[in-house]
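Engineer: If it helps, the file is called query23.pdb and holds PDB, C-alpha atoms and all ligand atoms:
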ATOM      1  CA  PRO H   1      11.859 -20.742  -2.243  1.00  0.00           C
ATOM      2  CA  ALA H   2      14.020 -17.857  -3.437  1.00  0.00           C
ATOM      3  CA  THR H   3      15.808 -17.543  -0.108  1.00  0.00           C
ATOM      4  CA  GLU H   4      18.535 -20.114  -0.708  1.00  0.00           C
ATOM      5  CA  SER H   5      21.144 -17.647   0.485  1.00  0.00           C
ATOM      6  CA  LYS H   6      19.190 -17.502   3.761  1.00  0.00           C
ATOM      7  CA  ARG H   7      19.615 -13.779   3.808  1.00  0.00           C
ATOM      8  CA  LEU H   8      16.344 -12.239   4.943  1.00  0.00           C
ATOM      9  CA  ARG H   9      14.652 -10.463   2.051  1.00  0.00           C
ATOM     10  CA  ILE H  10      12.629  -7.374   2.879  1.00  0.00           C
ATOM     11  CA  ALA H  11      10.601  -5.569   0.199  1.00  0.00           C
ATOM     12  CA  MET H  12      10.054  -1.835   0.409  1.00  0.00           C
ATOM     13  CA  GLN H  13       8.651   0.808  -1.923  1.00  0.00           C
ATOM     14  CA  LYS H  14      11.322   2.174  -4.224  1.00  0.00           C
ATOM     15  CA  SER H  15       9.853   5.658  -4.477  1.00  0.00           C
ATOM     16  CA  GLY H  16       6.621   7.082  -3.159  1.00  0.00           C
ATOM     17  CA  ARG H  17       4.858   7.942   0.058  1.00  0.00           C
ATOM     18  CA  LEU H  18       6.253   5.007   2.068  1.00  0.00           C
ATOM     19  CA  SER H  19       9.861   4.892   0.891  1.00  0.00           C
ATOM     20  CA  VAL H  20      11.422   7.640   3.034  1.00  0.00           C
ATOM     21  CA  ASP H  21       9.731   6.405   6.221  1.00  0.00           C
ATOM     22  CA  SER H  22      10.512   2.744   5.479  1.00  0.00           C
ATOM     23  CA  GLN H  23      14.158   3.588   4.951  1.00  0.00           C
ATOM     24  CA  ALA H  24      14.224   5.705   8.113  1.00  0.00           C
ATOM     25  CA  LEU H  25      12.759   2.792  10.089  1.00  0.00           C
ATOM     26  CA  PHE H  26      15.467   0.421   8.846  1.00  0.00           C
ATOM     27  CA  THR H  27      18.173   2.947   9.689  1.00  0.00           C
ATOM     28  CA  SER H  28      16.722   3.550  13.176  1.00  0.00           C
ATOM     29  CA  CYS H  29      16.778  -0.225  13.720  1.00  0.00           C
ATOM     30  CA  GLY H  30      20.500  -0.237  13.093  1.00  0.00           C
ATOM     31  CA  LEU H  31      20.567  -1.569   9.541  1.00  0.00           C
ATOM     32  CA  LYS H  32      23.479  -0.184   7.563  1.00  0.00           C
ATOM     33  CA  ILE H  33      22.163   0.100   4.002  1.00  0.00           C
ATOM     34  CA  ASN H  34      23.839   1.516   0.958  1.00  0.00           C
ATOM     35  CA  LEU H  35      20.889   2.956  -0.958  1.00  0.00           C
ATOM     36  CA  ARG H  36      22.822   5.553  -2.906  1.00  0.00           C
ATOM     37  CA  GLU H  37      22.917   3.404  -5.989  1.00  0.00           C
ATOM     38  CA  GLN H  38      19.690   2.918  -7.919  1.00  0.00           C
ATOM     39  CA  ARG H  39      19.747  -0.826  -7.483  1.00  0.00           C
ATOM     40  CA  LEU H  40      16.915  -3.290  -7.057  1.00  0.00           C
ATOM     41  CA  ILE H  41      18.669  -5.129  -4.255  1.00  0.00           C
ATOM     42  CA  ALA H  42      20.557  -3.332  -1.492  1.00  0.00           C
ATOM     43  CA  HIS H  43      22.690  -5.399   0.847  1.00  0.00           C
ATOM     44  CA  VAL H  44      22.625  -4.610   4.520  1.00  0.00           C
ATOM     45  CA  GLU H  45      26.279  -4.435   5.526  1.00  0.00           C
ATOM     46  CA  ASN H  46      25.992  -5.459   9.161  1.00  0.00           C
ATOM     47  CA  MET H  47      23.220  -8.087   9.032  1.00  0.00           C
ATOM     48  CA  ASP H  48      22.140 -10.993   6.806  1.00  0.00           C
ATOM     49  CA  ILE H  49      19.423  -8.908   5.199  1.00  0.00           C
ATOM     50  CA  ASP H  50      18.759  -7.783   1.629  1.00  0.00           C
ATOM     51  CA  ILE H  51      16.404  -4.903   0.897  1.00  0.00           C
ATOM     52  CA  LEU H  52      14.410  -5.161  -2.348  1.00  0.00           C
ATOM     53  CA  ARG H  53      13.194  -1.841  -3.703  1.00  0.00           C
ATOM     54  CA  VAL H  54      10.106  -2.329  -5.837  1.00  0.00           C
ATOM     55  CA  ARG H  55       6.741  -0.769  -6.739  1.00  0.00           C
ATOM     56  CA  ASP H  56       4.397  -0.771  -3.744  1.00  0.00           C
ATOM     57  CA  ASP H  57       1.726  -2.619  -5.738  1.00  0.00           C
ATOM     58  CA  ASP H  58       4.123  -5.542  -6.236  1.00  0.00           C
ATOM     59  CA  ILE H  59       4.932  -5.994  -2.534  1.00  0.00           C
ATOM     60  CA  PRO H  60       1.867  -8.016  -1.386  1.00  0.00           C
ATOM     61  CA  GLY H  61       2.337 -10.489  -4.243  1.00  0.00           C
ATOM     62  CA  LEU H  62       6.059 -10.863  -3.597  1.00  0.00           C
ATOM     63  CA  VAL H  63       5.358 -11.778   0.040  1.00  0.00           C
ATOM     64  CA  MET H  64       2.293 -13.938  -0.685  1.00  0.00           C
ATOM     65  CA  ASP H  65       4.268 -15.884  -3.304  1.00  0.00           C
ATOM     66  CA  GLY H  66       7.197 -16.317  -0.890  1.00  0.00           C
ATOM     67  CA  VAL H  67       9.639 -14.389  -3.050  1.00  0.00           C
ATOM     68  CA  CYS H  68      10.277 -11.954  -0.200  1.00  0.00           C
ATOM     69  CA  ASP H  69      10.221 -12.826   3.505  1.00  0.00           C
ATOM     70  CA  LEU H  70       9.026  -9.462   4.816  1.00  0.00           C
ATOM     71  CA  GLY H  71       7.526  -6.358   3.270  1.00  0.00           C
ATOM     72  CA  ILE H  72       6.395  -2.884   4.216  1.00  0.00           C
ATOM     73  CA  VAL H  73       3.235  -1.922   2.380  1.00  0.00           C
ATOM     74  CA  GLY H  74       0.023   0.075   2.734  1.00  0.00           C
ATOM     75  CA  GLU H  75      -2.999  -1.839   4.020  1.00  0.00           C
ATOM     76  CA  ASN H  76      -4.980  -0.533   1.049  1.00  0.00           C
ATOM     77  CA  VAL H  77      -2.653  -2.206  -1.461  1.00  0.00           C
ATOM     78  CA  LEU H  78      -2.549  -5.365   0.653  1.00  0.00           C
ATOM     79  CA  GLU H  79      -6.330  -5.593   0.908  1.00  0.00           C
ATOM     80  CA  GLU H  80      -6.817  -4.898  -2.800  1.00  0.00           C
ATOM     81  CA  GLU H  81      -4.382  -7.689  -3.726  1.00  0.00           C
ATOM     82  CA  SER H  82      -6.035 -10.090  -1.255  1.00  0.00           C
ATOM     83  CA  LEU H  83      -9.504  -9.432  -2.697  1.00  0.00           C
ATOM     84  CA  GLN H  84      -8.198  -9.938  -6.231  1.00  0.00           C
ATOM     85  CA  ARG H  85      -6.474 -13.205  -5.294  1.00  0.00           C
ATOM     86  CA  LYS H  86      -9.597 -14.511  -3.567  1.00  0.00           C
ATOM     87  CA  LEU H  87     -11.512 -13.900  -6.788  1.00  0.00           C
ATOM     88  CA  ASP H  88      -8.797 -15.618  -8.823  1.00  0.00           C
ATOM     89  CA  ASN H  89      -8.544 -18.525  -6.356  1.00  0.00           C
ATOM     90  CA  ASP H  90      -4.872 -17.731  -5.775  1.00  0.00           C
ATOM     91  CA  SER H  91      -3.186 -17.989  -2.375  1.00  0.00           C
ATOM     92  CA  PHE H  92      -3.168 -14.803  -0.325  1.00  0.00           C
ATOM     93  CA  ASP H  93      -1.579 -15.865   2.944  1.00  0.00           C
ATOM     94  CA  TYR H  94       0.586 -13.553   5.033  1.00  0.00           C
ATOM     95  CA  THR H  95       1.016 -12.459   8.648  1.00  0.00           C
ATOM     96  CA  VAL H  96       0.929  -8.867   9.853  1.00  0.00           C
ATOM     97  CA  LEU H  97       3.878  -8.441  12.239  1.00  0.00           C
ATOM     98  CA  LYS H  98       3.236  -4.802  13.029  1.00  0.00           C
ATOM     99  CA  ARG H  99       0.953  -1.922  12.112  1.00  0.00           C
ATOM    100  CA  LEU H 100       3.397   0.955  11.632  1.00  0.00           C
ATOM    101  CA  ASP H 101       3.084   4.616  12.549  1.00  0.00           C
ATOM    102  CA  PHE H 102       3.409   6.086   9.074  1.00  0.00           C
ATOM    103  CA  GLY H 103       1.782   5.946   5.651  1.00  0.00           C
ATOM    104  CA  GLY H 104      -1.591   7.022   6.987  1.00  0.00           C
ATOM    105  CA  CYS H 105      -4.127   7.802   4.266  1.00  0.00           C
ATOM    106  CA  ARG H 106      -7.730   7.191   3.311  1.00  0.00           C
ATOM    107  CA  LEU H 107      -9.310   5.720   0.218  1.00  0.00           C
ATOM    108  CA  SER H 108     -12.082   8.109  -0.650  1.00  0.00           C
ATOM    109  CA  ILE H 109     -14.761   8.916  -3.170  1.00  0.00           C
ATOM    110  CA  ALA H 110     -14.277  12.353  -4.702  1.00  0.00           C
ATOM    111  CA  VAL H 111     -16.431  14.291  -7.135  1.00  0.00           C
ATOM    112  CA  PRO H 112     -16.083  17.623  -8.968  1.00  0.00           C
ATOM    113  CA  GLN H 113     -16.385  20.527  -6.514  1.00  0.00           C
ATOM    114  CA  GLU H 114     -19.574  21.908  -8.071  1.00  0.00           C
ATOM    115  CA  GLU H 115     -21.305  18.505  -7.962  1.00  0.00           C
ATOM    116  CA  ASN H 116     -24.049  17.764  -5.417  1.00  0.00           C
ATOM    117  CA  TYR H 117     -23.452  14.623  -3.388  1.00  0.00           C
ATOM    118  CA  SER H 118     -25.785  13.118  -0.821  1.00  0.00           C
ATOM    119  CA  GLY H 119     -24.325   9.742   0.029  1.00  0.00           C
ATOM    120  CA  ALA H 120     -23.446   6.640  -1.946  1.00  0.00           C
ATOM    121  CA  ALA H 121     -26.844   6.608  -3.691  1.00  0.00           C
ATOM    122  CA  SER H 122     -25.635   9.615  -5.691  1.00  0.00           C
ATOM    123  CA  LEU H 123     -23.220   7.241  -7.448  1.00  0.00           C
ATOM    124  CA  GLU H 124     -25.995   5.097  -8.947  1.00  0.00           C
ATOM    125  CA  GLY H 125     -25.440   4.671 -12.677  1.00  0.00           C
ATOM    126  CA  LYS H 126     -22.259   6.757 -12.581  1.00  0.00           C
ATOM    127  CA  THR H 127     -18.760   5.940 -13.798  1.00  0.00           C
ATOM    128  CA  ILE H 128     -15.970   5.901 -11.176  1.00  0.00           C
ATOM    129  CA  ALA H 129     -12.243   5.792 -11.959  1.00  0.00           C
ATOM    130  CA  THR H 130      -9.885   4.063  -9.512  1.00  0.00           C
ATOM    131  CA  THR H 131      -6.681   2.115  -8.991  1.00  0.00           C
ATOM    132  CA  TYR H 132      -8.490   0.009  -6.372  1.00  0.00           C
ATOM    133  CA  PRO H 133     -11.340  -1.693  -8.271  1.00  0.00           C
ATOM    134  CA  ARG H 134     -11.858  -4.525  -5.760  1.00  0.00           C
ATOM    135  CA  LEU H 135     -12.101  -2.280  -2.683  1.00  0.00           C
ATOM    136  CA  LEU H 136     -14.432   0.034  -4.583  1.00  0.00           C
ATOM    137  CA  ALA H 137     -16.588  -2.857  -5.852  1.00  0.00           C
ATOM    138  CA  ARG H 138     -16.910  -4.189  -2.299  1.00  0.00           C
ATOM    139  CA  TYR H 139     -17.999  -0.769  -1.038  1.00  0.00           C
ATOM    140  CA  LEU H 140     -20.552  -0.281  -3.825  1.00  0.00           C
ATOM    141  CA  LYS H 141     -21.974  -3.727  -3.170  1.00  0.00           C
ATOM    142  CA  GLN H 142     -22.294  -2.994   0.564  1.00  0.00           C
ATOM    143  CA  GLN H 143     -24.114   0.221  -0.328  1.00  0.00           C
ATOM    144  CA  GLY H 144     -26.348  -1.509  -2.871  1.00  0.00           C
ATOM    145  CA  VAL H 145     -25.207   0.858  -5.593  1.00  0.00           C
ATOM    146  CA  ASN H 146     -24.671  -0.023  -9.252  1.00  0.00           C
ATOM    147  CA  ALA H 147     -21.882   1.965 -10.872  1.00  0.00           C
ATOM    148  CA  ARG H 148     -19.342   1.382 -13.601  1.00  0.00           C
ATOM    149  CA  ILE H 149     -15.711   1.078 -12.500  1.00  0.00           C
ATOM    150  CA  VAL H 150     -12.918   2.291 -14.776  1.00  0.00           C
ATOM    151  CA  ASN H 151      -9.547   0.890 -13.746  1.00  0.00           C
ATOM    152  CA  LEU H 152      -6.666   3.382 -14.065  1.00  0.00           C
ATOM    153  CA  LYS H 153      -3.117   2.766 -12.810  1.00  0.00           C
ATOM    154  CA  GLY H 154      -2.330   6.456 -12.477  1.00  0.00           C
ATOM    155  CA  SER H 155      -3.559  10.013 -13.052  1.00  0.00           C
ATOM    156  CA  VAL H 156      -6.898   9.005 -11.561  1.00  0.00           C
ATOM    157  CA  GLU H 157      -7.475  12.581 -10.411  1.00  0.00           C
ATOM    158  CA  VAL H 158      -7.735  13.922 -13.961  1.00  0.00           C
ATOM    159  CA  ALA H 159     -10.363  11.380 -15.067  1.00  0.00           C
ATOM    160  CA  PRO H 160     -13.435  13.584 -14.374  1.00  0.00           C
ATOM    161  CA  ARG H 161     -11.996  16.589 -16.225  1.00  0.00           C
ATOM    162  CA  ALA H 162     -10.938  14.325 -19.086  1.00  0.00           C
ATOM    163  CA  GLY H 163     -14.498  13.069 -19.358  1.00  0.00           C
ATOM    164  CA  LEU H 164     -13.499   9.504 -18.450  1.00  0.00           C
ATOM    165  CA  ALA H 165     -15.498   9.355 -15.229  1.00  0.00           C
ATOM    166  CA  ASP H 166     -18.073  11.178 -13.087  1.00  0.00           C
ATOM    167  CA  ALA H 167     -16.231  10.470  -9.844  1.00  0.00           C
ATOM    168  CA  ILE H 168     -12.997   8.938  -8.600  1.00  0.00           C
ATOM    169  CA  CYS H 169     -11.997   6.651  -5.765  1.00  0.00           C
ATOM    170  CA  ASP H 170      -8.400   7.401  -4.802  1.00  0.00           C
ATOM    171  CA  LEU H 171      -6.013   7.756  -1.896  1.00  0.00           C
ATOM    172  CA  VAL H 172      -6.084  11.018  -0.026  1.00  0.00           C
ATOM    173  CA  SER H 173      -3.366  12.105   2.336  1.00  0.00           C
ATOM    174  CA  THR H 174      -3.122  15.902   2.555  1.00  0.00           C
ATOM    175  CA  GLY H 175      -5.925  16.533   0.068  1.00  0.00           C
ATOM    176  CA  ALA H 176      -3.670  18.668  -2.124  1.00  0.00           C
ATOM    177  CA  THR H 177      -4.105  16.456  -5.201  1.00  0.00           C
ATOM    178  CA  LEU H 178      -7.906  16.651  -5.029  1.00  0.00           C
ATOM    179  CA  GLU H 179      -7.850  20.381  -4.480  1.00  0.00           C
ATOM    180  CA  ALA H 180      -5.471  20.967  -7.379  1.00  0.00           C
ATOM    181  CA  ASN H 181      -7.857  19.072  -9.636  1.00  0.00           C
ATOM    182  CA  GLY H 182     -11.102  20.742  -8.597  1.00  0.00           C
ATOM    183  CA  LEU H 183     -12.378  17.705  -6.707  1.00  0.00           C
ATOM    184  CA  LYS H 184     -13.870  17.317  -3.232  1.00  0.00           C
ATOM    185  CA  GLU H 185     -13.704  14.316  -0.913  1.00  0.00           C
ATOM    186  CA  VAL H 186     -17.239  13.121  -0.154  1.00  0.00           C
ATOM    187  CA  ASP H 187     -16.940   9.661   1.415  1.00  0.00           C
ATOM    188  CA  VAL H 188     -14.141   7.690   3.055  1.00  0.00           C
ATOM    189  CA  ILE H 189     -14.355   3.997   2.176  1.00  0.00           C
ATOM    190  CA  TYR H 190     -11.129   2.650   3.713  1.00  0.00           C
ATOM    191  CA  ARG H 191      -8.520   3.917   6.200  1.00  0.00           C
ATOM    192  CA  SER H 192      -4.985   2.698   5.736  1.00  0.00           C
ATOM    193  CA  LYS H 193      -1.559   2.718   7.352  1.00  0.00           C
ATOM    194  CA  ALA H 194       1.706   1.017   6.485  1.00  0.00           C
ATOM    195  CA  VAL H 195       2.153  -2.502   7.868  1.00  0.00           C
ATOM    196  CA  LEU H 196       5.083  -4.881   8.165  1.00  0.00           C
ATOM    197  CA  ILE H 197       4.078  -8.287   6.804  1.00  0.00           C
ATOM    198  CA  GLN H 198       5.746 -11.704   6.792  1.00  0.00           C
ATOM    199  CA  ARG H 199       5.268 -14.569   4.380  1.00  0.00           C
ATOM    200  CA  LYS H 200       3.631 -17.784   5.533  1.00  0.00           C
ATOM    201  CA  GLY H 201       5.818 -20.827   6.096  1.00  0.00           C
ATOM    202  CA  LEU H 202       8.998 -19.084   7.100  1.00  0.00           C
ATOM    203  CA  THR H 203      10.870 -21.747   9.057  1.00  0.00           C
ATOM    204  CA  ASP H 204      14.571 -21.018   8.668  1.00  0.00           C
ATOM    205  CA  GLU H 205      15.947 -20.626  12.186  1.00  0.00           C
ATOM    206  CA  ARG H 206      18.502 -17.971  11.351  1.00  0.00           C
ATOM    207  CA  GLN H 207      15.873 -15.887   9.594  1.00  0.00           C
ATOM    208  CA  LEU H 208      13.428 -16.280  12.453  1.00  0.00           C
ATOM    209  CA  LYS H 209      16.147 -15.247  14.909  1.00  0.00           C
ATOM    210  CA  LEU H 210      16.824 -12.171  12.827  1.00  0.00           C
ATOM    211  CA  ILE H 211      13.129 -11.235  12.870  1.00  0.00           C
ATOM    212  CA  ASN H 212      13.045 -11.763  16.634  1.00  0.00           C
ATOM    213  CA  LYS H 213      15.959  -9.373  16.893  1.00  0.00           C
ATOM    214  CA  LEU H 214      14.332  -6.767  14.652  1.00  0.00           C
ATOM    215  CA  MET H 215      10.882  -6.644  16.233  1.00  0.00           C
ATOM    216  CA  PRO H 216      11.900  -5.215  19.641  1.00  0.00           C
ATOM    217  CA  ARG H 217      13.921  -2.587  17.803  1.00  0.00           C
ATOM    218  CA  ILE H 218      10.915  -1.612  15.677  1.00  0.00           C
ATOM    219  CA  ASN H 219       8.768  -1.419  18.810  1.00  0.00           C
ATOM    220  CA  GLY H 220      11.432   0.712  20.485  1.00  0.00           C
ATOM    221  CA  VAL H 221      11.644   3.119  17.543  1.00  0.00           C
ATOM    222  CA  MET H 222       7.851   3.474  17.465  1.00  0.00           C
ATOM    223  CA  GLN H 223       7.686   4.120  21.204  1.00  0.00           C
ATOM    224  CA  ALA H 224      10.367   6.783  20.908  1.00  0.00           C
ATOM    225  CA  ASN H 225       8.313   8.462  18.156  1.00  0.00           C
ATOM    226  CA  GLU H 226       5.144   8.603  20.237  1.00  0.00           C
TER     227      GLU H 226
HETATM  228  C1  LIG M 301      -1.757   8.930  -3.867  1.00  0.00           C
HETATM  229  C2  LIG M 301      -2.919   9.366  -4.736  1.00  0.00           C
HETATM  230  C3  LIG M 301      -2.634  10.803  -5.020  1.00  0.00           C
HETATM  231  C4  LIG M 301      -1.859  11.246  -3.799  1.00  0.00           C
HETATM  232  C5  LIG M 301      -2.742  11.984  -2.836  1.00  0.00           C
HETATM  233  O1  LIG M 301      -0.765   8.398  -4.663  1.00  0.00           O
HETATM  234  O2  LIG M 301      -3.000   8.594  -5.906  1.00  0.00           O
HETATM  235  O3  LIG M 301      -1.840  10.903  -6.170  1.00  0.00           O
HETATM  236  O4  LIG M 301      -1.348  10.077  -3.154  1.00  0.00           O
HETATM  237  O5  LIG M 301      -1.992  12.612  -1.798  1.00  0.00           O
HETATM  238  P1  LIG M 301      -2.378  14.051  -1.268  1.00  0.00           P
HETATM  239  O6  LIG M 301      -3.785  13.997  -0.731  1.00  0.00           O
HETATM  240  O7  LIG M 301      -1.381  14.316  -0.167  1.00  0.00           O
HETATM  241  O8  LIG M 301      -2.248  15.024  -2.390  1.00  0.00           O
HETATM  242  P2  LIG M 301       0.435   7.532  -3.978  1.00  0.00           P
HETATM  243  O9  LIG M 301       1.502   8.435  -3.532  1.00  0.00           O
HETATM  244  O10 LIG M 301      -0.140   6.641  -2.947  1.00  0.00           O
HETATM  245  O11 LIG M 301       1.083   6.590  -4.941  1.00  0.00           O
HETATM  246  P3  LIG M 301       1.101   5.849  -6.304  1.00  0.00           P
HETATM  247  O12 LIG M 301      -0.142   6.310  -6.979  1.00  0.00           O
HETATM  248  O13 LIG M 301       2.354   6.314  -6.925  1.00  0.00           O
HETATM  249  O14 LIG M 301       1.153   4.389  -5.982  1.00  0.00           O
HETATM  250 ZN    ZN M 302       1.517   2.439  -6.324  1.00  0.00          ZN
HETATM  251 MG    MG M 303      -0.713   8.656  -7.095  1.00  0.00          MG
END
What does this structure look like when you write it as structure tokens?
Ligand code: PRP
Ligand code: ZN
Ligand code: MG
Structural biologist:
Amino acid sequence: PATESKRLRIAMQKSGRLSVDSQALFTSCGLKINLREQRLIAHVENMDIDILRVRDDDIPGLVMDGVCDLGIVGENVLEEESLQRKLDNDSFDYTVLKRLDFGGCRLSIAVPQEENYSGAASLEGKTIATTYPRLLARYLKQQGVNARIVNLKGSVEVAPRAGLADAICDLVSTGATLEANGLKEVDVIYRSKAVLIQRKGLTDERQLKLINKLMPRINGVMQANE
């Protein structure tokens, strides 16, 4: 709907774990982007593409609602948004064009270092802070565990020390954040990488041609990185 200009709109994370690698991928694919300015929309100079730089959490919704044609986002954020939309009876259609070779991380349960943990049953009756309440709820249900979920948008790792929660469920990449906060990773509940997604119902021929031109380049860049 919002693509009247017919320029292909690609959403990427503005700042965070995926932004440097997303930008590097575009550059390796030959896109000339002026990202020096802190602007929401960056025009690609040599192709009919606009890059939208937004919060990662907003990317699945932008693609599912057809506001952006493509997006690069973590599978964890994508899955969380899909689960939420299923619950809300909202549409959550998209196509994964490519699983990328960056943004690897795991969504894990972590508890204070001195705490004993012997599997999910240890979480029974506990309070768990997370930014991913739907993925956590699904895991707890699968494990048959009843726990209270506290939804925090940030600073999840300080919740136990602040007395807000007994445990957390957060993304772990290097493990430095957990370590710095006296926490230990005890269970992995979801493994994630960055993916390139496309909105459903994209029919414009010029846009489809552009995507068909981009995909072999992305594959080539990934092969070269292997
Ligand atoms: C995650 C998580 C931790 C950090 C863990 O945040 O919330 O803050 O990464 O990484 P580490 O194990 O290497 O220390 P993320 O960068 O995904 O982003 P956001 O919370 O800003 O969306
Ligand atoms: Zn985020
Ligand atoms: Mg974080």
Engineer: Can you tell me, as a PyMOL selection string, what residues are no more than 8 Å from stretch 125-140 of chain H when counting all atoms listed in the file, ignoring any on the same chain fewer than 2 positions away?
Structural biologist: chain H and resi 77+79-80+83-84+120+123+142-154+156+159+164-170+189
Engineer: Just how far from atom C1 of ligand LIG 301 (chain M) is atom CA of H:Leu171, in Å to one decimal?
Structural biologist: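 Atom C1 of ligand LIG 301 (chain M) lies at a distance of 4.8 Å from atom CA of H:Leu171.
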Engineer: Please identify every polymer residue within 7 Å of ligand ZN 302 (chain M), using only C-alpha atoms and all ligand atoms, and present the set as a PDB file with C-alpha atoms, keeping the file's coordinate frame.
Structural biologist:
ATOM      1  CA  ARG H  55       6.741  -0.769  -6.739  1.00  0.00           C
ATOM      2  CA  ASP H  56       4.397  -0.771  -3.744  1.00  0.00           C
ATOM      3  CA  ASP H  57       1.726  -2.619  -5.738  1.00  0.00           C
TER       4      ASP H  57
END
Engineer: Interatomic distance between atom CA of H:Pro60 and atom CA of H:Phe92?
Structural biologist: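 Distance reported for this atom pair: 8.5 Å.
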Engineer: With the PyMOL selection byres (((chain H and resi 206-218) around 9) and not hetatm) as the selection, what would be picked from this file? Answer as a list in words, please.
Structural biologist: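 So the PyMOL selection byres (((chain H and resi 206-218) around 9) and not hetatm) ends up selecting Lys6, Arg7, Leu8, Leu25, Phe26, Ser28, Cys29, Gly30, Met47, Asp48, Ile49, Asp69, Leu97, Lys98, Leu100, Leu202, Thr203, Asp204, Glu205, Asn219, Gly220, Val221, Met222 and Gln223 of chain H.
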Engineer: Using all atoms listed in the file for the distances, tell me which of H:Ile197, H:Leu35, H:Val158, H:Ile109 is nearest to ligand MG 303 (chain M).
Structural biologist: H:Val158
Engineer: Please find the residues contacting ligand LIG 301 (chain M) at a distance of at most 6 Å between atoms, with all atoms listed in the file counted, and report them as a PDB file with C-alpha atoms, keeping the file's coordinate frame.
Structural biologist:
ATOM      1  CA  GLY H  16       6.621   7.082  -3.159  1.00  0.00           C
ATOM      2  CA  ARG H  17       4.858   7.942   0.058  1.00  0.00           C
ATOM      3  CA  GLY H 154      -2.330   6.456 -12.477  1.00  0.00           C
ATOM      4  CA  ASP H 170      -8.400   7.401  -4.802  1.00  0.00           C
ATOM      5  CA  LEU H 171      -6.013   7.756  -1.896  1.00  0.00           C
ATOM      6  CA  VAL H 172      -6.084  11.018  -0.026  1.00  0.00           C
ATOM      7  CA  SER H 173      -3.366  12.105   2.336  1.00  0.00           C
ATOM      8  CA  THR H 174      -3.122  15.902   2.555  1.00  0.00           C
ATOM      9  CA  GLY H 175      -5.925  16.533   0.068  1.00  0.00           C
ATOM     10  CA  ALA H 176      -3.670  18.668  -2.124  1.00  0.00           C
ATOM     11  CA  THR H 177      -4.105  16.456  -5.201  1.00  0.00           C
TER      12      THR H 177
END
Engineer: Missing atoms in stretch 96-111 of chain H: fill them in up to N, CA and C atoms and send the result as a short mmCIF file (atom, residue, chain, number, x, y, z; two decimals), keeping the file's coordinate frame.
Structural biologist:
data_model
loop_
_atom_site.label_atom_id
_atom_site.label_comp_id
_atom_site.auth_asym_id
_atom_site.auth_seq_id
_atom_site.Cartn_x
_atom_site.Cartn_y
_atom_site.Cartn_z
N VAL H 96 0.56 -10.25 9.52
CA VAL H 96 0.93 -8.87 9.85
C VAL H 96 1.75 -8.89 11.14
N LEU H 97 3.02 -8.47 11.05
CA LEU H 97 3.88 -8.44 12.24
C LEU H 97 3.65 -7.17 13.04
N LYS H 98 3.35 -6.08 12.33
CA LYS H 98 3.24 -4.80 13.03
C LYS H 98 2.51 -3.79 12.17
N ARG H 99 1.54 -3.07 12.78
CA ARG H 99 0.95 -1.92 12.11
C ARG H 99 1.86 -0.74 12.44
N LEU H 100 2.38 -0.08 11.44
CA LEU H 100 3.40 0.96 11.63
C LEU H 100 2.77 2.33 11.85
N ASP H 101 3.62 3.30 12.21
CA ASP H 101 3.08 4.62 12.55
C ASP H 101 3.29 5.63 11.43
N PHE H 102 3.31 5.15 10.20
CA PHE H 102 3.41 6.09 9.07
C PHE H 102 2.57 5.57 7.90
N GLY H 103 2.54 6.36 6.83
CA GLY H 103 1.78 5.95 5.65
C GLY H 103 0.28 6.07 5.81
N GLY H 104 -0.15 6.86 6.77
CA GLY H 104 -1.59 7.02 6.99
C GLY H 104 -2.26 7.71 5.80
N CYS H 105 -3.37 7.17 5.34
CA CYS H 105 -4.13 7.80 4.27
C CYS H 105 -5.52 7.19 4.24
N ARG H 106 -6.40 7.76 3.45
CA ARG H 106 -7.73 7.19 3.31
C ARG H 106 -8.06 7.00 1.84
N LEU H 107 -8.82 5.95 1.57
CA LEU H 107 -9.31 5.72 0.22
C LEU H 107 -10.70 6.33 0.18
N SER H 108 -10.85 7.32 -0.68
CA SER H 108 -12.08 8.11 -0.65
C SER H 108 -12.71 8.27 -2.02
N ILE H 109 -14.02 8.51 -1.97
CA ILE H 109 -14.76 8.92 -3.17
C ILE H 109 -14.63 10.43 -3.28
N ALA H 110 -14.34 10.91 -4.47
CA ALA H 110 -14.28 12.35 -4.70
C ALA H 110 -15.02 12.69 -5.98
N VAL H 111 -15.66 13.84 -5.97
CA VAL H 111 -16.43 14.29 -7.14
C VAL H 111 -16.04 15.74 -7.45
#
